[in-house]
Amino acid sequence: MQGNQKWQAFPTEALKPSGPWGNEAAAGRGGEAGLRRPGGAERSQRGRAMGAEAGSPRDTALGQQLRALFYALLPGESSFRTVEEVPNYVDKSIPFFITFIGLEFAVSWIQKRKLPGRINDGITSLSLGILSRLPDVLFRSIDLISYIYIWNNYRLLELPWDSPWTWYLTLLGVDFAYYCFHRISHEVNILWAAHQVHHSSEDYNLFTALRQSVLQKYTSWMFNLPMALFIPPSVFAVHLQFNLLYQFWIHTEVITKLGPLEWILNTPSHHRVHHGRNPYCIDKNYGGTLIIWDRIFGTFEAEDEKVVYGLTHPVNSFDPIMLQMLSQGTVLLRIGFIILSLSSFGLLLENKSKAGILEIIRCLVFIGVYKLGYFRSQFSILGYAYEVLFSLCAAFWGIQIMKRITSFKDKHH
């Protein structure tokens, strides 16, 4: 799981209508009727036939839960009238996660007489997965909250929640949105700073799927918002989970090729390429469930030579706190430096007396974080230029402040 596909139980709180949307959050404007087409009585009867009464998550059979891991549920058994009724598929899949991890260890030992990865690396991945869920203790799912807000206030039309066409369209929409987000997370530096946590492991196994970033979820949600203009939140909530669950089992080396399915689906083989640091693997195979987007947009690469996993500049650490802070700290430092720079420039334009002090602080902060390696330039000569420029800048404003202090003292003597 990568990109916005974080390993976490789907937040039950996010399925409950509360906050500024009240009881309409689950179904859009007009409550339950807001998601019905003409002939509401007949559709309501069909909705009741699918499970329990509206207002609580539906129960799922063991076989359905297993098939949810492989995106193998049919529209008729995974369509719901309101967000409240959507089962917590991810939370209920945790026993399967544990089972499949154990099965992977057994199969790898039988096939190769070795484990699929190092124990310390697996513990690190699990710890990173737990750390990535800490914000959920304080905040609800930003994916659903933002989606429901757009649906309630700006939707252009309502596709029927119980139509197979809506179900399949949402499958394509959620996966395409994930492709776009995932690709940008590799190509835009500040987003990569968060996403690289997932790629930091040099092993490739089901534990790797759990290795997630704390901050990444706060940038992924916006890519889903266009669907909120016409796709009901209940349908979106189902596919958001299915897309996440599907990406768990493809993090393995015990499955080789899947024949004709390799043309359409993202498979373990395709995703191994995505996690590789070989030159032919870099920035390839961004798809979540489907590989067709990579084939269409020219980012597909078939598995060829043995894949070497991890970052091009390995972290060489099993400390989960350090691995989270290495990327998240970089993101926060850059955001902080941008805010500091804008504040300093604003004070300079207004000719404020404190502008010089803030500019000295800004220059010294830049030099400090550059020396610590948080800011890097591809050209070493630029690195020296930065140091000289910001040092001169700090010295200049230091001299200006000293002149102002001296002038102030002369006036009072």
# chains A, B, ... in the order shown; residues from 1 in each chain; ligands from 1
call {"tool": "closest_atom_pairs", "arguments": {"of": "segment 103-160 of chain A", "to": "segment 231-235 of chain A", "cutoff": "9 Å", "atoms": "only C-alpha atoms", "output": "JSON lines"}}
result
{"residue": "A:Leu144", "atom": "CA", "partner": "A:Pro233", "partner_atom": "CA", "distance": 7.5}
{"residue": "A:Tyr147", "atom": "CA", "partner": "A:Pro233", "partner_atom": "CA", "distance": 7.0}
{"residue": "A:Ile148", "atom": "CA", "partner": "A:Pro233", "partner_atom": "CA", "distance": 6.2}
{"residue": "A:Trp151", "atom": "CA", "partner": "A:Pro233", "partner_atom": "CA", "distance": 7.3}
{"residue": "A:Arg155", "atom": "CA", "partner": "A:Ile231", "partner_atom": "CA", "distance": 8.5}
{"residue": "A:Leu157", "atom": "CA", "partner": "A:Ile231", "partner_atom": "CA", "distance": 8.2}
{"residue": "A:Glu158", "atom": "CA", "partner": "A:Ile231", "partner_atom": "CA", "distance": 6.4}
{"residue": "A:Leu159", "atom": "CA", "partner": "A:Ile231", "partner_atom": "CA", "distance": 5.8}
{"residue": "A:Pro160", "atom": "CA", "partner": "A:Pro232", "partner_atom": "CA", "distance": 7.7}
call {"tool": "write_last_selection", "arguments": {"atoms": "N, CA and C atoms", "output": "short mmCIF file (atom, residue, chain, number, x, y, z; two decimals), in the first residue's frame"}}
result
data_model
loop_
_atom_site.label_atom_id
_atom_site.label_comp_id
_atom_site.auth_asym_id
_atom_site.auth_seq_id
_atom_site.Cartn_x
_atom_site.Cartn_y
_atom_site.Cartn_z
N LEU A 144 -13.24 11.26 3.64
CA LEU A 144 -14.70 11.26 3.62
C LEU A 144 -15.29 12.61 4.00
N TYR A 147 -15.03 14.89 1.07
CA TYR A 147 -15.87 14.38 -0.02
C TYR A 147 -17.34 14.68 0.25
N ILE A 148 -17.78 14.41 1.47
CA ILE A 148 -19.19 14.63 1.83
C ILE A 148 -19.54 16.11 1.77
N TRP A 151 -20.04 16.97 -1.84
CA TRP A 151 -21.28 16.33 -2.29
C TRP A 151 -22.51 17.11 -1.79
N ARG A 155 -22.60 19.30 -5.55
CA ARG A 155 -22.78 18.24 -6.56
C ARG A 155 -23.62 18.75 -7.73
N LEU A 157 -24.96 16.46 -10.21
CA LEU A 157 -26.01 15.47 -10.43
C LEU A 157 -25.79 14.30 -9.51
N GLU A 158 -26.79 13.45 -9.38
CA GLU A 158 -26.72 12.29 -8.50
C GLU A 158 -26.83 11.02 -9.31
N LEU A 159 -25.74 10.30 -9.41
CA LEU A 159 -25.83 8.98 -10.04
C LEU A 159 -26.49 8.02 -9.05
N PRO A 160 -27.26 7.06 -9.53
CA PRO A 160 -27.95 6.13 -8.61
C PRO A 160 -26.97 5.27 -7.84
#
call {"tool": "closest_atom_pairs", "arguments": {"of": "segment 282-337 of chain A", "to": "segment 266-272 of chain A", "cutoff": "6 Å", "atoms": "only C-alpha atoms", "output": "Markdown table"}}
result
| residue | atom | partner | partner_atom | distance |
| --- | --- | --- | --- | --- |
| A:Thr289 | CA | A:Asn266 | CA | 5.3 |
| A:Leu290 | CA | A:Asn266 | CA | 4.9 |
| A:Ile291 | CA | A:Asn266 | CA | 4.8 |
call {"tool": "closest_residue", "arguments": {"among": "A:Tyr370, A:Asp136, A:Ser201, A:Leu348", "to": "Val214 of chain A", "atoms": "only C-alpha atoms"}}
result
A:Asp136
call {"tool": "closest_residue", "arguments": {"among": "A:Ala355, A:Met222, A:Ala237, A:Leu131", "to": "Trp161 of chain A", "atoms": "only C-alpha atoms"}}
result
A:Ala237
call {"tool": "select_by_dssp", "arguments": {"residues": "segment 254-363 of chain A", "states": "alpha helix (DSSP H)", "output": "JSON, numbers by chain"}}
result
{"A": [268, 269, 270, 271, 272, 273, 274, 292, 293, 294, 295, 296, 297, 320, 321, 322, 323, 324, 325, 326, 327, 328, 329, 330, 331, 332, 333, 334, 335, 336, 337, 338, 339, 340, 341, 342, 343, 344, 345, 346, 347, 348, 349, 355, 356, 357, 358, 359, 360, 361, 362, 363]}
call {"tool": "closest_residue", "arguments": {"among": "A:Cys281, A:Ile399, A:Leu66, A:Leu103", "to": "Glu305 of chain A", "atoms": "only C-alpha atoms"}}
result
A:Cys281
call {"tool": "closest_atom_pairs", "arguments": {"of": "segment 257-376 of chain A", "to": "segment 172-183 of chain A", "cutoff": "9 Å", "atoms": "only C-alpha atoms", "output": "JSON lines"}}
result
{"residue": "A:Asp283", "atom": "CA", "partner": "A:Arg183", "partner_atom": "CA", "distance": 7.7}
{"residue": "A:Lys284", "atom": "CA", "partner": "A:Arg183", "partner_atom": "CA", "distance": 8.7}
{"residue": "A:Asn285", "atom": "CA", "partner": "A:Arg183", "partner_atom": "CA", "distance": 8.9}
{"residue": "A:Tyr286", "atom": "CA", "partner": "A:Tyr179", "partner_atom": "CA", "distance": 5.6}
{"residue": "A:Gly287", "atom": "CA", "partner": "A:Tyr179", "partner_atom": "CA", "distance": 5.1}
{"residue": "A:Gly288", "atom": "CA", "partner": "A:Asp175", "partner_atom": "CA", "distance": 6.0}
{"residue": "A:Thr289", "atom": "CA", "partner": "A:Asp175", "partner_atom": "CA", "distance": 6.4}
{"residue": "A:Leu290", "atom": "CA", "partner": "A:Asp175", "partner_atom": "CA", "distance": 7.0}
{"residue": "A:Trp293", "atom": "CA", "partner": "A:Phe176", "partner_atom": "CA", "distance": 7.1}
{"residue": "A:Asp294", "atom": "CA", "partner": "A:Tyr179", "partner_atom": "CA", "distance": 8.3}
call {"tool": "residues_around", "arguments": {"residues": "Gln65 of chain A", "least_positions_apart": "6", "cutoff": "9 Å", "atoms": "only C-alpha atoms", "output": "list in words"}}
result
Leu73, Tyr89, Val90, Lys92, Ser93 and Phe96 of chain A
call {"tool": "write_last_selection", "arguments": {"atoms": "N, CA, C and O atoms", "output": "PDB file, in the first residue's frame"}}
result
ATOM      1  N   LEU A  73     -15.712  -8.412  -4.922  1.00  0.00           N
ATOM      2  CA  LEU A  73     -17.129  -8.347  -4.578  1.00  0.00           C
ATOM      3  C   LEU A  73     -17.909  -7.741  -5.737  1.00  0.00           C
ATOM      4  O   LEU A  73     -17.411  -6.848  -6.440  1.00  0.00           O
ATOM      5  N   TYR A  89     -14.705  -2.597   5.999  1.00  0.00           N
ATOM      6  CA  TYR A  89     -13.985  -3.705   5.358  1.00  0.00           C
ATOM      7  C   TYR A  89     -12.536  -3.800   5.821  1.00  0.00           C
ATOM      8  O   TYR A  89     -12.019  -4.906   6.030  1.00  0.00           O
ATOM      9  N   VAL A  90     -11.870  -2.661   5.960  1.00  0.00           N
ATOM     10  CA  VAL A  90     -10.443  -2.674   6.311  1.00  0.00           C
ATOM     11  C   VAL A  90     -10.239  -3.209   7.715  1.00  0.00           C
ATOM     12  O   VAL A  90      -9.380  -4.062   7.954  1.00  0.00           O
ATOM     13  N   LYS A  92     -12.123  -5.174   9.405  1.00  0.00           N
ATOM     14  CA  LYS A  92     -12.448  -6.594   9.451  1.00  0.00           C
ATOM     15  C   LYS A  92     -11.435  -7.461   8.699  1.00  0.00           C
ATOM     16  O   LYS A  92     -11.455  -8.690   8.820  1.00  0.00           O
ATOM     17  N   SER A  93     -10.554  -6.831   7.940  1.00  0.00           N
ATOM     18  CA  SER A  93      -9.551  -7.591   7.183  1.00  0.00           C
ATOM     19  C   SER A  93      -8.270  -7.836   7.965  1.00  0.00           C
ATOM     20  O   SER A  93      -7.398  -8.575   7.498  1.00  0.00           O
ATOM     21  N   PHE A  96      -7.106 -11.315   8.300  1.00  0.00           N
ATOM     22  CA  PHE A  96      -6.571 -11.832   7.037  1.00  0.00           C
ATOM     23  C   PHE A  96      -5.163 -11.306   6.790  1.00  0.00           C
ATOM     24  O   PHE A  96      -4.319 -12.022   6.237  1.00  0.00           O
TER      25      PHE A  96
END
call {"tool": "atom_distance", "arguments": {"atom1": "atom CA of Thr60 of chain A", "atom2": "atom CA of Tyr168 of chain A"}}
result
20.5 Å
call {"tool": "atom_distance", "arguments": {"atom1": "atom CA of Arg404 of chain A", "atom2": "atom CA of Phe366 of chain A"}}
result
24.7 Å
call {"tool": "closest_atom_pairs", "arguments": {"of": "segment 110-171 of chain A", "to": "segment 310-321 of chain A", "cutoff": "10 Å", "atoms": "only C-alpha atoms", "output": "CSV"}}
result
residue,atom,partner,partner_atom,distance
A:Asn120,CA,A:Phe318,CA,6.9
A:Asp121,CA,A:Phe318,CA,6.3
A:Gly122,CA,A:Phe318,CA,9.3
A:Ile123,CA,A:Phe318,CA,8.5
A:Thr124,CA,A:Pro320,CA,5.7
A:Ser125,CA,A:Pro320,CA,7.7
A:Leu126,CA,A:Pro320,CA,9.1
A:Ser127,CA,A:Pro320,CA,6.2
A:Leu128,CA,A:Pro320,CA,5.6
A:Gly129,CA,A:Pro320,CA,9.4
A:Ile130,CA,A:Pro320,CA,9.9
A:Leu131,CA,A:Pro320,CA,8.2
call {"tool": "write_last_selection", "arguments": {"atoms": "all heavy atoms", "output": "compact mmCIF listing (two decimals), in the first residue's frame"}}
result
# COMPACT_ATOMS: atom_id res chain seq x y z
N ASN A 120 13.76 -7.60 11.85
CA ASN A 120 13.85 -6.21 12.32
C ASN A 120 13.21 -5.25 11.33
O ASN A 120 12.59 -4.25 11.72
CB ASN A 120 15.30 -5.81 12.62
CG ASN A 120 16.27 -6.18 11.51
OD1 ASN A 120 15.85 -6.56 10.41
ND2 ASN A 120 17.55 -6.09 11.79
N ASP A 121 13.34 -5.54 10.04
CA ASP A 121 12.70 -4.69 9.03
C ASP A 121 11.18 -4.82 9.10
O ASP A 121 10.45 -3.83 8.96
CB ASP A 121 13.19 -5.07 7.63
CG ASP A 121 12.70 -4.11 6.56
OD1 ASP A 121 13.34 -3.06 6.38
OD2 ASP A 121 11.66 -4.40 5.92
N GLY A 122 10.69 -6.04 9.33
CA GLY A 122 9.25 -6.25 9.47
C GLY A 122 8.67 -5.53 10.67
O GLY A 122 7.59 -4.92 10.59
N ILE A 123 9.39 -5.57 11.79
CA ILE A 123 8.94 -4.86 13.00
C ILE A 123 8.92 -3.36 12.75
O ILE A 123 8.00 -2.64 13.18
CB ILE A 123 9.84 -5.21 14.19
CG1 ILE A 123 9.68 -6.69 14.56
CG2 ILE A 123 9.54 -4.32 15.39
CD1 ILE A 123 10.66 -7.18 15.61
N THR A 124 9.92 -2.86 12.02
CA THR A 124 9.95 -1.43 11.66
C THR A 124 8.75 -1.05 10.82
O THR A 124 8.12 -0.01 11.05
CB THR A 124 11.25 -1.10 10.92
OG1 THR A 124 12.38 -1.41 11.74
CG2 THR A 124 11.29 0.37 10.54
N SER A 125 8.42 -1.88 9.83
CA SER A 125 7.27 -1.60 8.96
C SER A 125 5.97 -1.57 9.78
O SER A 125 5.12 -0.69 9.59
CB SER A 125 7.17 -2.65 7.85
OG SER A 125 8.25 -2.56 6.96
N LEU A 126 5.83 -2.53 10.67
CA LEU A 126 4.64 -2.58 11.52
C LEU A 126 4.57 -1.35 12.42
O LEU A 126 3.50 -0.75 12.58
CB LEU A 126 4.67 -3.85 12.36
CG LEU A 126 3.48 -4.08 13.30
CD1 LEU A 126 2.17 -4.15 12.53
CD2 LEU A 126 3.68 -5.35 14.12
N SER A 127 5.70 -0.94 12.97
CA SER A 127 5.74 0.24 13.84
C SER A 127 5.39 1.51 13.06
O SER A 127 4.67 2.38 13.56
CB SER A 127 7.13 0.39 14.46
OG SER A 127 7.48 -0.77 15.20
N LEU A 128 5.88 1.61 11.83
CA LEU A 128 5.57 2.76 11.00
C LEU A 128 4.08 2.80 10.66
O LEU A 128 3.48 3.87 10.58
CB LEU A 128 6.41 2.74 9.72
CG LEU A 128 7.89 3.08 9.91
CD1 LEU A 128 8.69 2.71 8.66
CD2 LEU A 128 8.05 4.57 10.20
N GLY A 129 3.48 1.62 10.46
CA GLY A 129 2.05 1.56 10.20
C GLY A 129 1.25 2.05 11.39
O GLY A 129 0.26 2.78 11.24
N ILE A 130 1.68 1.67 12.58
CA ILE A 130 1.00 2.12 13.80
C ILE A 130 1.16 3.63 13.98
O ILE A 130 0.20 4.35 14.29
CB ILE A 130 1.54 1.36 15.03
CG1 ILE A 130 1.18 -0.13 14.92
CG2 ILE A 130 1.00 1.95 16.32
CD1 ILE A 130 1.85 -1.00 15.96
N LEU A 131 2.38 4.14 13.77
CA LEU A 131 2.62 5.58 13.90
C LEU A 131 1.78 6.37 12.91
O LEU A 131 1.31 7.47 13.23
CB LEU A 131 4.11 5.88 13.68
CG LEU A 131 5.07 5.49 14.80
CD1 LEU A 131 6.51 5.70 14.36
CD2 LEU A 131 4.77 6.32 16.05
